[in-house]
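Here's the structure we're looking at; comments come further down.
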Amino acid sequence: MSNRLIRVATDVGGTFTDLVSCEIDQDTGVASAVRSHKANSTPPGFQKGVMDVLERSRLEPEEIGFFAHGTTMVINALLGRNGARTALITTQGFRDVLEIGRGNRPDLFNFHYRKPMPFVPRHLRFEVLERTGYLGDIIDPVDLKQLAAVLEQLKSMDVSSIAVCFLHSYANPENEVLALDYISKECPEMACIASHMISREWREFERTSTTTLSAYVHPVAAKYLENLNDAMEDVGCVGNMYVMKSNGGIDTFSSATKSPINLLESGPAAGVFGAVELGKQLSIGNIISLDVGGTTAKCALSMNGEIQITTDYRVEATPTYPGYPVSVPTVDLVEIGSGGGSICWIDDNGKLSVGPRSAGADPGPVAYGLGGTQPTVSDAHLITRRMNSRLFFGGEISPDISAVEDAFRVLASQLNVTLDEVACGVIRMADSNMANALRLVSVNRGHDPRDFTLIVFGGGGGLHAISVANELGINRVLLPMNPDVFSAWGMLLTDLRRDYIRTRLIPVSKIGAAYVRQQFEDMKNEAIAEFAKDGIPDHELTWSQYVDVRYRGQEHTVKIEVPTDRLDKLALRQIEKDFHAEHDRKYTFTLENPVEIVNSHLIVYSPVAKPALNELLSTGQSLDDAFSESRDVNFDIHGWLTVPIYDRLLLGPDMEIQGPAIIQEPSSTFVLWPGWQVDVDKFGILHACRIESQED
C-alpha cells in the first residue's frame with residue numbers, strides 16, 4: 001500500500017483566508033485531490049478564519065501530516081500599532097540611535113517633514129555599560145549591576161517586552177548573551193529579544209530598529225501562534241506545523257516565535273515562491289509575479305529561477321516617508337494599496353484617486369451589501385461587466401448592482417463624466433498603479449520587463465493582467481490554476497529555510513580563500529545544530545552561499561553567488577569578475593577601486609516533497625463546449641464589445657481562444673483583450689501571448 005500524506009496550507013489575507021490541500025504519494029511525489037476553499041478573514045482573531053476555512057474543507061484534521069500557514073498578523077500589528085509596550089536596553093551612549101536614524105530625507109524640500117516616531121519612546125530606552133570592538137573583542141563586559149537597576153525600573157513601567165541591542169554585537173554577541181540570560185532569570189514574565197537572535201549584519205540604526213520591532217510584535221505573535229496551535233490540536237491535528245517566513249521558506253512554529261519579525265511578509269512571499277516554482281516546472285526562468293488581492297497588489301521579480309532577497313526592507317516606506325528599516329532576509333517585493341477592495345475617491349484637487357484605503361472584508365465593496373457606500377475597484381469591474389455578477393464572490397453573494405451604480409454616479413457627477421467613463425477610469429488607474437509597481441522591481445533595477453513572463457494570481461490578477469502587460473510591453477502572461485488561492489498553493493511547495501548572515505569587511509585582494517571558507521563553515525555548524533534541535537539531521541540539509549560585495553568607499557553592495565564545492569583563489573577572482581559585471585548591469589558603470597566583501601550569506605534548506613502539477617484529463621470536448629454565453633463588455637478605448645464568455649473549468653489541453661473574450665471561473669476572471677490569444681497547456685494553465693500581427 002502506498003504511503004500517502006495530506007498536506008494543507010492556509011493563507012490569511014486582509015479580506016479572505018485561503019486553504020489549499022492535496023494528497024501526496026510519498027513514494028512517487030505525485031499530488032492528487034488538490035482542493036481549495038475560501039472564508040472571510042476574521043480580524044483581530046485571525047485564527048478563527050483559519051478554523052472556518054478548515055471546517056469548510058471537510059478535511060479530517062487527524063489525517064493532516066503537514067500544515068503550513070501564512071499570516072498578515074505581524075505586519076498588521078506594526079501598521080495598527082497594537083504590539084506590546086516595549087523597552088530598549090543598549091550600549092551606554094547609544095540610547096538615541098532610534099531617534100537619530102539616518103540623515104537621508106526622501107521628501108527633501110518639505111519643510112514640514114518629520115522623522116518617523118520610534119516604536120520605543122525615549123523614557124523606555126535605557127543604557128548600560130558594556131563595549132565590544134568592531135572586530136569582536138570584548139572591551140568592557142556588561143555591567144550586571146546597572147542592568148539590574150534598569151530591570152527594577154521596568155518592573156514598575158508596565159513593560160511586557162524588552163529589546164537588547166549592543167554595539168558591534170553582530171561581530172561577537174557575548175555581552176548580549178550574558179544580558180539576555182540575566183533578564184530571563186530576573187524577569188521571566190517579560191519577553192526578551194537580543195539583536196544577535198535576529199540579525200548578525202552591521203549598521204546600528206537598522207539592527208536596533210529590527211530588534212525593537214521584533215520585540216514589539218513578539219508577545220502578539222507568540223500568542224497568535226499559540227492560539228492557532230491549540231485550535232489545531234483541539235480538532236485533532238497532530239501533523240507537522242509550519243509558518244511561512246518573509247525569506248520564501250517555512251519554519252517551525254517554535255523557531256518562528258523566537259524572531260517573529262521574519263513573518264513580516266509571510267503570505268506575499270509564498271506567492272512569489274509559488275510563481276518561481278511554477279516557472280521551474282514550465283522551464284521559465286525570468287518571471288515577474290503580480291498578486292492582486294482584495295486589499296493590496298504585490299509584485300516581485302526573479303531571474304533564472306532565483307528569488308531576489310533583500311535585507312534592506314522598510315515598513316510603511318513611501319516615496320516621501322522613509323518608514324522603519326527591517327534587516328532580515330525578505331523577498332524583494334513591492335506592495336501597493338491597489339486591490340479589488342481599494343476605495344475610489346476624489347482628492348482635494350478634484351482628481352480621481354484609487355486606494356490605498358480599502359473596504360476590506362467588512363463592510364467590503366458596495367456590491368457586498370454589508371453597508372459599504374464607497375465604490376471600489378471590484379465594483380468598477382461589475383459596472384463594465386468584465387466580472388460576471390452571478391459569480392461574484394464565488395457565487396455566494398448576489399451583488400447589489402443598483403447600489404453600485406448609485407455610488408459611481410456620485411463620482412461621475414463630481415467629475416462631470418459618464419458612469420462608464422468613471423468606471424473605466426478607476427480600472428485604468430488601478431492598472432497604472434500596478435504597472436508602476438512592476439517598473440520598480442524591473443526597470444528601476446536594471447531589468448527590461450519585455451524579457452520576462454508575467455505570472456498573475458490572486459482573485460483580481462486576471463482582471464488586470466493584459467492591461468498591465470500592454471503598458472509595460474510584456475508579451476507573455478500566465479494565469480495558473482486556482483489563481484485566487486495561489487499563495488497558499490505556493491506554501492505546499494516551500495522548503496524549510498533559514499538564513500545566516502555575518503558581517504566582516506574582507507578586501508578580496510588581500511584575503512586568503514581559507515578565511516572565507518571558515519566563515520561559511522562556522523555558519524554551517526551553527527545551522528546544523530539549530531536544525532538538529534527540530535529533529536532534522538544534517539544529511540537532509542542543502543545550502544547556497546552568497547557574498548555581498550562592494551567597491552571600497554561605497555555604501556551599497558551587490559550579492560554574488562559563491563560555489564559550494566570549491567572556494568579557492570580562483571573562485572575569489574571569479575567573484576570579483578562577477579561583481580564587476582553585475583555592478584555594471586545594475587548601475588551602468590564600474591570602478592577601479594579595490595573590491596571588498598562585506599557580508600557572507602548562507603542559506604540552508606531542508607527540502608520537502610513537492611506536489612507536481614496535475615495534468616488535465618482529455619475529455620474529447622471542443623472549445624464550443626466551454627462556451628457559456630455572449631455578453632456586452634466595456635473594453636475602455638475599444639468601447640462596448642459583444643464577446644464570448646468561456647468556462648475555464650471546461651477548457652481542455654491545446655484549446656486556443658482569441659481576444660476579445662472573457663474566461664471565468666467561480667472565483668477568478670481573466671480578461672482577454674483584443675490583440676491577444678490564450679493557449680491552454682496540459683496542466684490547464686492559461687498562456688496569453690500577444691498576436692504579432694496586431695502588436696502595437
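Residue numbering restarts at 1 in every chain; chains get A, B, ... in the order shown in the C-alpha cells, and ligands count up from 1 in that same order.
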Nearby residues (only C-alpha atoms) at most 9 Å from Met429 in chain A, same-chain spacing under 5 positions excluded, as a ChimeraX atom specification: /A:352-354,424,434
Find the residues around range 69-79 of chain A up to 10 Å (only C-alpha atoms counted), leave out those fewer than 5 positions away in its own chain, and share them as JSON, numbers by chain. {"A": [8, 9, 10, 11, 12, 13, 14, 17, 18, 19, 43, 44, 45, 46, 47, 50, 84, 119, 213, 214, 216, 217, 218, 220, 221, 224, 225, 228, 241, 242, 243, 244, 245, 246, 250, 251, 253, 260, 261, 262, 263, 264, 265, 266, 267, 268, 269, 270, 315, 316, 487, 488, 491, 492]}
Just-selected residues, C-alpha atoms written as an mmCIF file, in the first residue's frame:
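The file below, again_22.cif, is the result:
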```cif
data_model
loop_
_atom_site.group_PDB
_atom_site.id
_atom_site.type_symbol
_atom_site.label_atom_id
_atom_site.label_comp_id
_atom_site.auth_asym_id
_atom_site.auth_seq_id
_atom_site.Cartn_x
_atom_site.Cartn_y
_atom_site.Cartn_z
ATOM 1 C CA VAL A 8 -2.610 21.665 3.927
ATOM 2 C CA ALA A 9 -1.647 25.324 3.510
ATOM 3 C CA THR A 10 -3.625 28.331 4.709
ATOM 4 C CA ASP A 11 -3.012 31.964 3.782
ATOM 5 C CA VAL A 12 -4.607 34.762 5.795
ATOM 6 C CA GLY A 13 -5.124 37.932 3.789
ATOM 7 C CA GLY A 14 -6.715 41.243 4.640
ATOM 8 C CA THR A 17 -8.439 33.305 4.289
ATOM 9 C CA ASP A 18 -7.464 30.693 1.676
ATOM 10 C CA LEU A 19 -6.843 26.970 2.035
ATOM 11 C CA PRO A 43 -9.613 40.340 12.406
ATOM 12 C CA PRO A 44 -8.323 40.633 15.026
ATOM 13 C CA GLY A 45 -8.669 36.910 15.861
ATOM 14 C CA PHE A 46 -7.384 35.638 12.510
ATOM 15 C CA GLN A 47 -7.094 32.060 13.768
ATOM 16 C CA VAL A 50 -8.317 29.558 9.619
ATOM 17 C CA ALA A 84 3.438 45.191 23.206
ATOM 18 C CA PHE A 119 8.186 52.471 18.369
ATOM 19 C CA LEU A 213 10.195 45.898 16.024
ATOM 20 C CA SER A 214 10.649 42.183 16.642
ATOM 21 C CA TYR A 216 7.275 44.889 19.816
ATOM 22 C CA VAL A 217 5.364 42.144 17.983
ATOM 23 C CA HIS A 218 6.788 39.179 19.920
ATOM 24 C CA VAL A 220 1.307 39.255 19.914
ATOM 25 C CA ALA A 221 2.931 36.760 17.534
ATOM 26 C CA TYR A 224 -1.354 34.112 17.935
ATOM 27 C CA LEU A 225 0.741 31.079 17.034
ATOM 28 C CA LEU A 228 -3.622 28.617 16.355
ATOM 29 C CA MET A 241 3.087 22.679 11.873
ATOM 30 C CA TYR A 242 4.985 25.328 9.922
ATOM 31 C CA VAL A 243 4.675 29.046 9.272
ATOM 32 C CA MET A 244 5.722 30.911 6.136
ATOM 33 C CA LYS A 245 8.586 33.397 6.526
ATOM 34 C CA SER A 246 9.465 36.526 4.574
ATOM 35 C CA ILE A 250 8.858 27.878 6.023
ATOM 36 C CA ASP A 251 9.925 27.270 9.605
ATOM 37 C CA PHE A 253 6.168 27.475 14.989
ATOM 38 C CA PRO A 260 8.634 36.979 14.686
ATOM 39 C CA ILE A 261 9.836 39.874 12.541
ATOM 40 C CA ASN A 262 10.747 37.173 9.994
ATOM 41 C CA LEU A 263 6.987 36.712 9.414
ATOM 42 C CA LEU A 264 6.576 40.279 8.177
ATOM 43 C CA GLU A 265 5.780 39.377 4.536
ATOM 44 C CA SER A 266 4.664 35.829 5.233
ATOM 45 C CA GLY A 267 1.766 35.496 2.777
ATOM 46 C CA PRO A 268 3.174 37.551 -0.140
ATOM 47 C CA ALA A 269 6.455 35.602 -0.014
ATOM 48 C CA ALA A 270 4.536 32.370 -0.599
ATOM 49 C CA VAL A 315 7.825 49.073 6.861
ATOM 50 C CA GLU A 316 5.489 51.914 5.817
ATOM 51 C CA SER A 487 -0.151 31.858 -2.495
ATOM 52 C CA ALA A 488 -1.490 29.037 -0.330
ATOM 53 C CA MET A 491 3.298 27.102 0.611
ATOM 54 C CA LEU A 492 2.762 23.446 -0.274
#
```
Taking the DSSP assignment computed from this structure's backbone, write out as a PyMOL selection string all residues of range 49-184 of chain A that belong to alpha helix (DSSP H). chain A and resi 49-57+73-79+97-100+144-155+174-184
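Closest approach to Val678 in chain A among A:Val477, A:Leu602, A:Leu649, A:Ile560: A:Val477, based on only C-alpha atoms.
By chain and then residue number, the residues within 7 Å of Leu290 in chain A are Ala297, Lys298, Cys299, Ile455, Val456, Phe457 and Gly461 of chain A, counting only C-alpha atoms and disregarding those fewer than 4 positions away in sequence.
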CA of Ser283 in chain A sits from CA of Gly460 in chain A at a separation of 25.4 Å
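With only C-alpha atoms as the atoms that count, the minimum distance from Phe635 in chain A to the choices A:Arg386, A:Arg314, A:Arg504, A:Lys533 is reached by A:Arg386.
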Using only C-alpha atoms, which of A:His168, A:His112, A:Arg550, A:Arg502 sits nearest Asp137 in chain A? A:His168
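For Phe205 in chain A, the list of residues within 9 Å, based on only C-alpha atoms and with local chain neighbours fewer than 6 positions off taken out, reads Val97, Leu98, Ile100, Gly101, Arg102 and Pro325 of chain A.
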The selected residues should be written to file as a compact mmCIF listing (two decimals), in the first residue's frame (atoms: C-alpha atoms).
```
# COMPACT_ATOMS: atom_id res chain seq x y z
CA VAL A 97 20.08 55.64 17.85
CA LEU A 98 16.39 55.09 17.00
CA ILE A 100 18.74 59.90 15.20
CA GLY A 101 18.18 57.36 12.43
CA ARG A 102 19.58 58.28 9.04
CA PRO A 325 14.09 49.54 8.43
```
Contact residues around Met190 in chain A with only C-alpha atoms at 10 Å, ignoring same-chain residues under 4 positions, as a VMD selection string: chain A and resid 86 154 to 155 159 to 162 183 to 184 186 219
Identify, with DSSP run on backbone atoms, the residues in range 583-658 of chain A assigned to strand (DSSP E), and express the list as JSON, numbers by chain. {"A": [595, 596, 597, 598, 599, 600, 601, 602, 603, 604, 605, 606, 627, 628, 629, 630, 631, 632, 633, 634, 640, 641, 642, 643, 644, 645, 646, 647, 656, 657, 658]}
Restricted to N, CA and C atoms, what would the selected residues look like written as a compact mmCIF listing (two decimals), in the first residue's frame?
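Final output, saved to part_15.txt:
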```txt
# COMPACT_ATOMS: atom_id res chain seq x y z
N VAL A 595 38.08 46.00 -4.38
CA VAL A 595 36.80 45.32 -4.10
C VAL A 595 36.89 44.64 -2.75
N GLU A 596 35.80 44.72 -1.96
CA GLU A 596 35.80 44.07 -0.65
C GLU A 596 34.48 43.37 -0.39
N ILE A 597 34.57 42.25 0.32
CA ILE A 597 33.40 41.51 0.77
C ILE A 597 32.91 42.14 2.08
N VAL A 598 31.61 42.39 2.16
CA VAL A 598 31.01 42.98 3.36
C VAL A 598 30.33 41.91 4.20
N ASN A 599 29.47 41.10 3.57
CA ASN A 599 28.72 40.07 4.29
C ASN A 599 28.90 38.71 3.64
N SER A 600 28.92 37.68 4.46
CA SER A 600 28.80 36.30 3.98
C SER A 600 27.39 35.83 4.31
N HIS A 601 26.73 35.22 3.34
CA HIS A 601 25.31 34.87 3.47
C HIS A 601 25.12 33.39 3.12
N LEU A 602 24.74 32.62 4.12
CA LEU A 602 24.49 31.19 3.94
C LEU A 602 22.98 30.93 4.02
N ILE A 603 22.44 30.24 3.03
CA ILE A 603 21.03 29.85 3.02
C ILE A 603 20.97 28.34 3.17
N VAL A 604 20.29 27.87 4.20
CA VAL A 604 20.22 26.44 4.48
C VAL A 604 18.78 25.97 4.30
N TYR A 605 18.60 24.88 3.55
CA TYR A 605 17.28 24.34 3.25
C TYR A 605 17.14 22.94 3.82
N SER A 606 15.93 22.62 4.21
CA SER A 606 15.54 21.24 4.44
C SER A 606 14.40 20.95 3.47
N PHE A 627 -18.03 27.19 -24.10
CA PHE A 627 -18.71 28.47 -24.32
C PHE A 627 -19.94 28.57 -23.42
N SER A 628 -20.04 29.68 -22.69
CA SER A 628 -21.18 29.86 -21.78
C SER A 628 -22.24 30.77 -22.37
N GLU A 629 -21.82 31.91 -22.87
CA GLU A 629 -22.76 32.90 -23.38
C GLU A 629 -21.98 33.99 -24.09
N SER A 630 -22.69 34.91 -24.67
CA SER A 630 -22.09 36.15 -25.17
C SER A 630 -22.56 37.29 -24.27
N ARG A 631 -21.66 38.25 -24.04
CA ARG A 631 -22.01 39.34 -23.13
C ARG A 631 -21.38 40.63 -23.62
N ASP A 632 -22.09 41.72 -23.46
CA ASP A 632 -21.54 43.03 -23.77
C ASP A 632 -20.59 43.44 -22.64
N VAL A 633 -19.35 43.73 -23.01
CA VAL A 633 -18.33 44.08 -22.03
C VAL A 633 -17.66 45.37 -22.48
N ASN A 634 -17.39 46.24 -21.52
CA ASN A 634 -16.74 47.51 -21.82
C ASN A 634 -15.22 47.32 -21.80
N TRP A 640 -17.81 49.25 -25.96
CA TRP A 640 -18.59 48.06 -25.60
C TRP A 640 -18.51 47.05 -26.73
N LEU A 641 -18.07 45.85 -26.42
CA LEU A 641 -17.94 44.77 -27.40
C LEU A 641 -18.74 43.57 -26.94
N THR A 642 -19.40 42.92 -27.88
CA THR A 642 -20.09 41.66 -27.57
C THR A 642 -19.07 40.53 -27.72
N VAL A 643 -18.74 39.87 -26.60
CA VAL A 643 -17.64 38.92 -26.61
C VAL A 643 -18.11 37.57 -26.07
N PRO A 644 -17.43 36.50 -26.47
CA PRO A 644 -17.77 35.17 -25.93
C PRO A 644 -17.26 35.02 -24.50
N ILE A 645 -18.01 34.32 -23.68
CA ILE A 645 -17.64 34.03 -22.30
C ILE A 645 -17.39 32.53 -22.20
N TYR A 646 -16.22 32.14 -21.69
CA TYR A 646 -15.86 30.73 -21.59
C TYR A 646 -15.72 30.32 -20.12
N ASP A 647 -16.13 29.09 -19.86
CA ASP A 647 -15.99 28.50 -18.53
C ASP A 647 -14.62 27.83 -18.46
N GLU A 656 -7.42 26.95 -27.99
CA GLU A 656 -6.97 28.31 -28.26
C GLU A 656 -8.17 29.25 -28.26
N ILE A 657 -7.96 30.45 -27.69
CA ILE A 657 -9.00 31.46 -27.66
C ILE A 657 -8.38 32.78 -28.08
N GLN A 658 -9.00 33.45 -29.05
CA GLN A 658 -8.51 34.75 -29.47
C GLN A 658 -9.38 35.84 -28.87
```
Write out as a PyMOL selection string each polymer residue whose atoms come within 7 Å of range 565-578 of chain A, counting only C-alpha atoms; drop sequence neighbours fewer than 4 positions from it. chain A and resi 513+517+560+582
I'd like the interatomic distance between CA of Phe16 in chain A and CA of Lys38 in chain A, to a tenth of an Å. 6.6 Å
Judged by only C-alpha atoms, the minimum distance to Ala68 in chain A among A:Val366, A:Val608, A:Leu617, A:Ile397 is found for A:Val608
